[in-house]
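Accompanying notes for the structure given below.
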Amino acid sequence: MRIKRSSSLLPEVRRGKPVNINVDGKPVEAYEGETVAAALLSAGIHTFRLTQKHQHLRGLYCGMGICYECLVTVNGVHAVRACVTQVAEGMQIETCKELEL
Amino acid sequence: MSEFYDLVVIGAGPAGMEAAITAAENGVKTAIIDSNPGAGGQYYKPLPGAFQVSKKGQTERNGEFLTRILEGLPVTRIYDTLTWGIFKEEDRDGWLVTLYGPAAPKQIHARTLVLANGAYDSPVAFPGWTLPGVITCGASLILVKNQRTAPGKRVLITGTGPLLLSAAAHLIDAGVEVAAVCEASHLFPRALRYGFTMLGHLPRLFEGAGYTRALLRGRTPYKTGWSIVEARGKEQVESAVIGKVDKDGYPVPGTEQVLENIDTVICGYGLTPNTGLARMIGCKMEYRQEKGGWVPVRDQTMQTSLQGVYAAGDGAGIAGAENARLEGRVAGAAAALQLDYITEKRAGEIYGQIKRELMNQRRFGELLGDLFTAKPGLISLAKDDTIICRCEEITLGEIKTAIAEGARTIGEVKMVTRVGMGNCQGRICERLVAGAIVQALAQEKATFESAGAYSIRPPLHPLPVGFLAEAGEEQSDDYAKGVE
């Protein structure tokens, strides 16, 4: 969820312009400067991928590009790290696709 | 034709920025590389360029100040770029640094290197730790501070160290309900020993006190000697079980409590230095628990066992951002001296100016390392069917079987089970696999040293299919020599 309130540790910010993105075919709210991971979490989407061996659900974990758990498909490109990729106008994001690594 | 530099700094956090600044100020032809879109690292991570903030905090201002100095110097800045390999160039007495990024050259040459790769959260595996909704403390801080996004509505924070308090305070300020903060270490009476050292770090204590006030305001229980023992949920975290752990980290049976309606578990069991590049090129490593695990052996000038290769900051041993800045300056000056840009006298002056403060920061780092190290017993939170290697989906049971069949080192467990062979290159599971070996072979007196570490080979990060082949075709012959 986007933090709207202003506090001493987290003074209010104005996000960038609204950006049109689609997640699994549905439009999802997003703003310039946000990462794919942040936009997905704000939309209530916590599962980003299925594992290959056991089809277990996985989502954001390390948040800094180290663990490769948050992989999604962006504009047809597999295995993009949602946590270090910023949203962009027209982005098509797919979760839980069969990933060919 | 690829570019030649006197110094290539890898990592543009506090240590890397200071190293590049110190070197460039003294005339060294320097390049700095980072995987993020700009300088700052995790500690000084700037807000996204498209965000506008009403008021900036001290840390942000410090980071911006340092970034402006760096940008005012003739340093080649290569951001949004992964460093996937470093290769020795025998004929040139230097290094070939291979890169992957949208605007990056495929390779650059370096006479000397500063490795300033920072750190990441040390993992602790428990049943349910792979469920969506279990995130690291670092992830929660980036989300809240940098993205102004709350990871959940009602969270449990578990782990060890002051970052838990920072995460809790920020989340409470963001309006998130923090059900509890479980600090796995037993802080008292141990903490009393450090009274004197603490006095030298009053600003940090006040920062800690500010966080503590936020906890009190939020009426958040801060439970020392407790840890998560299980995360439960079907498609994501729904509840969490916490329990007492003894001073070695072993769970105390019968103390479990269930926290209902938890949607996010934030785990921060200390930090692990990111040493992949140092290991890839063969820097001599040593295991130092109080520094976060395996770290490169260094001399006073931050030089590793390899001449002209320096390591600075948390990536060479956890001691915090202030320490990282000082180490970066020492490394930058040492590189400038080795490259004959400054005299020994000048290098001595630079070192002399910061020597005392460096000692001071070191002591504080050791204090934190001693108080807040994730204890070895925490490995026993994992059950036989708990995933240990998240990438290759290998369980503790499979690892124990490999050990029972004779595997004694991490390398041997890897050969049998495929742990550490996935996308993260073993960064996440290494400590857990070592812990499993130490525990299973307690009678043989196995240690983290004897369990060893994964051997790291390029590419350090997974690269798109075809990139390596294409890179190989385009490379000049120095690349071919590099990968021998």
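In the structure tokens, chains take the letters A, B, ... in the order shown, each chain's residues start at 1, and ligands count up from 1 in the order shown.
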
Residues near Asn22 (chain A), anyone? I mean within 10 Å using only C-alpha atoms, not counting same-chain ones fewer than 3 positions away, as a PDB file with C-alpha atoms, in the first residue's frame.
```
ATOM      1  CA  VAL A  19       1.983   5.403 -15.582  1.00  0.00           C
ATOM      2  CA  GLY A  25      -3.876  -8.322 -18.588  1.00  0.00           C
ATOM      3  CA  LYS A  26      -5.453  -5.978 -16.048  1.00  0.00           C
ATOM      4  CA  PRO A  27      -4.603  -2.299 -15.594  1.00  0.00           C
ATOM      5  CA  VAL A  28      -2.803  -1.577 -12.317  1.00  0.00           C
ATOM      6  CA  GLU A  29      -2.122   1.811 -10.689  1.00  0.00           C
ATOM      7  CA  ALA A  30       1.507   2.875 -10.887  1.00  0.00           C
ATOM      8  CA  VAL A  74       8.094  -7.772 -18.499  1.00  0.00           C
ATOM      9  CA  ASN A  75       7.089  -7.030 -22.105  1.00  0.00           C
ATOM     10  CA  GLU A  89       4.478   3.604 -19.657  1.00  0.00           C
ATOM     11  CA  GLY A  90       2.734   0.726 -21.388  1.00  0.00           C
ATOM     12  CA  MET A  91       4.595  -1.988 -19.492  1.00  0.00           C
ATOM     13  CA  GLN A  92       3.023  -5.453 -19.758  1.00  0.00           C
ATOM     14  CA  ILE A  93       3.856  -7.494 -16.664  1.00  0.00           C
ATOM     15  CA  GLU A  94       3.076 -11.157 -16.256  1.00  0.00           C
TER      16      GLU A  94
END
```

TODO: Could the residues of chain A within 8 Å of chain B, counting only C-alpha atoms, be given as a PyMOL selection string, please?
DONE: chain A and resi 1-3+5-17+32-35+38+41-42+46-47+53-54+57-64+66-69+84+101

For the residues in that selection, give me N, CA and C atoms as a compact mmCIF listing (two decimals), in the first residue's frame.
```txt
# COMPACT_ATOMS: atom_id res chain seq x y z
N MET A 1 0.83 -1.20 0.00
CA MET A 1 0.00 0.00 0.00
C MET A 1 0.86 1.25 0.00
N ARG A 2 0.45 2.22 -0.82
CA ARG A 2 1.22 3.47 -0.86
C ARG A 2 1.03 4.23 0.44
N ILE A 3 2.14 4.73 0.97
CA ILE A 3 2.08 5.50 2.22
C ILE A 3 1.66 6.92 1.86
N ARG A 5 0.40 9.23 4.37
CA ARG A 5 0.54 10.21 5.44
C ARG A 5 1.99 10.67 5.60
N SER A 6 2.13 11.82 6.19
CA SER A 6 3.45 12.41 6.38
C SER A 6 3.83 12.27 7.85
N SER A 7 5.08 11.92 8.13
CA SER A 7 5.52 11.77 9.52
C SER A 7 6.96 12.24 9.63
N SER A 8 7.48 12.24 10.85
CA SER A 8 8.84 12.79 11.02
C SER A 8 9.88 11.93 10.30
N LEU A 9 9.73 10.61 10.37
CA LEU A 9 10.70 9.77 9.69
C LEU A 9 10.45 9.71 8.19
N LEU A 10 9.19 9.84 7.80
CA LEU A 10 8.82 9.72 6.39
C LEU A 10 8.01 10.94 5.95
N PRO A 11 8.70 12.07 5.71
CA PRO A 11 7.98 13.25 5.25
C PRO A 11 7.31 12.95 3.91
N GLU A 12 6.21 13.67 3.68
CA GLU A 12 5.39 13.40 2.50
C GLU A 12 6.20 13.50 1.20
N VAL A 13 5.93 12.61 0.27
CA VAL A 13 6.53 12.72 -1.06
C VAL A 13 5.43 12.85 -2.11
N ARG A 14 5.79 13.52 -3.20
CA ARG A 14 4.90 13.49 -4.35
C ARG A 14 5.50 12.51 -5.35
N ARG A 15 4.70 11.51 -5.70
CA ARG A 15 5.19 10.52 -6.66
C ARG A 15 5.24 11.12 -8.05
N GLY A 16 5.85 10.38 -8.97
CA GLY A 16 5.91 10.85 -10.35
C GLY A 16 4.54 10.76 -11.03
N LYS A 17 4.54 11.04 -12.30
CA LYS A 17 3.30 10.99 -13.09
C LYS A 17 2.70 9.59 -13.07
N GLU A 32 5.48 6.96 -11.92
CA GLU A 32 6.86 7.07 -12.33
C GLU A 32 7.76 7.05 -11.09
N GLY A 33 8.82 6.30 -11.14
CA GLY A 33 9.74 6.19 -10.00
C GLY A 33 9.51 4.95 -9.17
N GLU A 34 8.34 4.35 -9.31
CA GLU A 34 8.06 3.13 -8.53
C GLU A 34 8.73 1.93 -9.19
N THR A 35 9.08 0.96 -8.35
CA THR A 35 9.55 -0.30 -8.90
C THR A 35 8.33 -1.17 -9.21
N ALA A 38 6.99 -2.66 -6.01
CA ALA A 38 6.18 -1.77 -5.18
C ALA A 38 4.78 -1.63 -5.78
N LEU A 41 2.82 -4.88 -5.06
CA LEU A 41 2.40 -4.99 -3.66
C LEU A 41 1.26 -4.02 -3.36
N SER A 42 1.35 -2.80 -3.90
CA SER A 42 0.29 -1.83 -3.67
C SER A 42 -1.04 -2.31 -4.26
N HIS A 46 0.98 -10.40 -4.22
CA HIS A 46 2.15 -10.81 -3.44
C HIS A 46 2.90 -11.97 -4.08
N THR A 47 2.22 -12.73 -4.93
CA THR A 47 2.86 -13.86 -5.60
C THR A 47 3.37 -13.40 -6.95
N LYS A 53 10.40 -26.56 -9.87
CA LYS A 53 10.36 -27.96 -9.43
C LYS A 53 9.03 -28.29 -8.76
N HIS A 54 8.64 -27.47 -7.79
CA HIS A 54 7.45 -27.81 -7.00
C HIS A 54 6.26 -26.88 -7.25
N LEU A 57 4.72 -20.99 -4.57
CA LEU A 57 4.54 -19.56 -4.79
C LEU A 57 5.72 -18.80 -4.17
N ARG A 58 6.18 -17.79 -4.89
CA ARG A 58 7.25 -16.94 -4.35
C ARG A 58 6.94 -15.48 -4.65
N GLY A 59 7.47 -14.62 -3.80
CA GLY A 59 7.28 -13.18 -3.99
C GLY A 59 8.56 -12.43 -3.70
N LEU A 60 8.39 -11.17 -3.37
CA LEU A 60 9.54 -10.35 -3.01
C LEU A 60 10.26 -10.97 -1.81
N TYR A 61 11.59 -10.98 -1.82
CA TYR A 61 12.32 -11.44 -0.63
C TYR A 61 13.41 -10.43 -0.24
N CYS A 62 14.50 -10.36 -0.98
CA CYS A 62 15.60 -9.49 -0.51
C CYS A 62 15.38 -8.02 -0.85
N GLY A 63 14.63 -7.76 -1.91
CA GLY A 63 14.28 -6.39 -2.25
C GLY A 63 15.42 -5.55 -2.82
N MET A 64 16.60 -6.16 -3.02
CA MET A 64 17.72 -5.36 -3.52
C MET A 64 18.50 -6.06 -4.64
N ILE A 66 19.45 -9.19 -5.10
CA ILE A 66 20.43 -10.23 -4.79
C ILE A 66 19.87 -11.64 -5.01
N CYS A 67 18.60 -11.85 -4.62
CA CYS A 67 18.12 -13.24 -4.46
C CYS A 67 17.38 -13.81 -5.67
N TYR A 68 16.95 -12.99 -6.59
CA TYR A 68 16.25 -13.45 -7.80
C TYR A 68 14.97 -14.22 -7.51
N GLU A 69 14.30 -13.90 -6.40
CA GLU A 69 13.03 -14.55 -6.09
C GLU A 69 11.85 -13.83 -6.74
N VAL A 84 14.14 -4.32 -8.70
CA VAL A 84 15.09 -3.32 -9.17
C VAL A 84 14.72 -2.78 -10.55
N LEU A 101 14.98 -20.17 -18.00
CA LEU A 101 16.15 -19.41 -17.54
C LEU A 101 17.38 -19.78 -18.35
```

TODO: Give me, please, the distance in Å between CA of Arg356 (chain B) and CA of Thr67 (chain B), quoted to one decimal.
DONE: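 These atoms are spaced 24.9 Å apart.
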
Which of region 278-334 of chain B fall in strand (DSSP E), as a compact mmCIF listing (two decimals) with N, CA and C atoms, in the first residue's frame:
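The resulting file, result-v8.txt, is shown below:
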```
# COMPACT_ATOMS: atom_id res chain seq x y z
N MET B 285 40.58 -15.42 1.75
CA MET B 285 39.42 -15.12 2.60
C MET B 285 39.63 -15.69 4.00
N GLU B 286 38.96 -15.09 4.97
CA GLU B 286 38.97 -15.66 6.33
C GLU B 286 37.56 -15.59 6.90
N TYR B 287 37.24 -16.50 7.81
CA TYR B 287 35.91 -16.50 8.41
C TYR B 287 35.95 -15.72 9.71
N ARG B 288 35.19 -14.63 9.76
CA ARG B 288 35.15 -13.80 10.98
C ARG B 288 33.69 -13.58 11.34
N GLY B 293 30.83 -13.09 8.61
CA GLY B 293 31.12 -14.33 7.87
C GLY B 293 32.43 -14.26 7.13
N TRP B 294 32.44 -14.75 5.89
CA TRP B 294 33.67 -14.76 5.09
C TRP B 294 34.01 -13.36 4.61
N VAL B 295 35.23 -12.94 4.88
CA VAL B 295 35.68 -11.61 4.45
C VAL B 295 37.09 -11.73 3.87
N PRO B 296 37.45 -10.82 2.95
CA PRO B 296 38.82 -10.86 2.42
C PRO B 296 39.82 -10.43 3.49
N VAL B 309 44.50 -4.72 -5.39
CA VAL B 309 43.06 -4.98 -5.20
C VAL B 309 42.70 -4.65 -3.76
N TYR B 310 41.86 -3.64 -3.60
CA TYR B 310 41.47 -3.18 -2.28
C TYR B 310 40.01 -3.54 -2.03
N ALA B 311 39.65 -3.71 -0.77
CA ALA B 311 38.25 -3.99 -0.42
C ALA B 311 37.89 -3.06 0.74
```

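When DSSP reads the backbone of this structure, the residues of region 4-100 of chain A it assigns to alpha helix (DSSP H) are Val36, Ala37, Ala38, Ala39, Leu40, Leu41 and Ser42 of chain A.
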
Restricted to N, CA and C atoms, what would the selected residues look like written as a tab-separated table (two decimals), in the first residue's frame?
```tsv
chain	number	residue	atom	x	y	z
A	36	VAL	N	8.55	-2.15	-10.08
A	36	VAL	CA	7.49	-3.10	-10.40
A	36	VAL	C	7.01	-3.77	-9.11
A	37	ALA	N	7.95	-4.13	-8.23
A	37	ALA	CA	7.59	-4.81	-6.98
A	37	ALA	C	6.67	-3.94	-6.14
A	38	ALA	N	6.99	-2.66	-6.01
A	38	ALA	CA	6.18	-1.77	-5.18
A	38	ALA	C	4.78	-1.63	-5.78
A	39	ALA	N	4.70	-1.50	-7.10
A	39	ALA	CA	3.39	-1.37	-7.75
A	39	ALA	C	2.55	-2.63	-7.55
A	40	LEU	N	3.19	-3.79	-7.66
A	40	LEU	CA	2.46	-5.05	-7.47
A	40	LEU	C	1.96	-5.17	-6.03
A	41	LEU	N	2.82	-4.88	-5.06
A	41	LEU	CA	2.40	-4.99	-3.66
A	41	LEU	C	1.26	-4.02	-3.36
A	42	SER	N	1.35	-2.80	-3.90
A	42	SER	CA	0.29	-1.83	-3.67
A	42	SER	C	-1.04	-2.31	-4.26
```

Task: Spatial neighbours of region 361-375 of chain B, max dist 6 Å, only C-alpha atoms, sep filter under 6 positions, as a list of chain:residue names - done: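 The neighbour list is B:Thr160, B:Gly161, B:Asp248, B:Gly249, B:Tyr269, B:Glu290, B:Ala319, B:Asn323.
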
Open item on the list: Using only C-alpha atoms for the distances, tell me which of B:Pro162, B:Gly41, B:Gly377, B:Gly292 is nearest to Val252 (chain B).
Closed with: B:Gly377
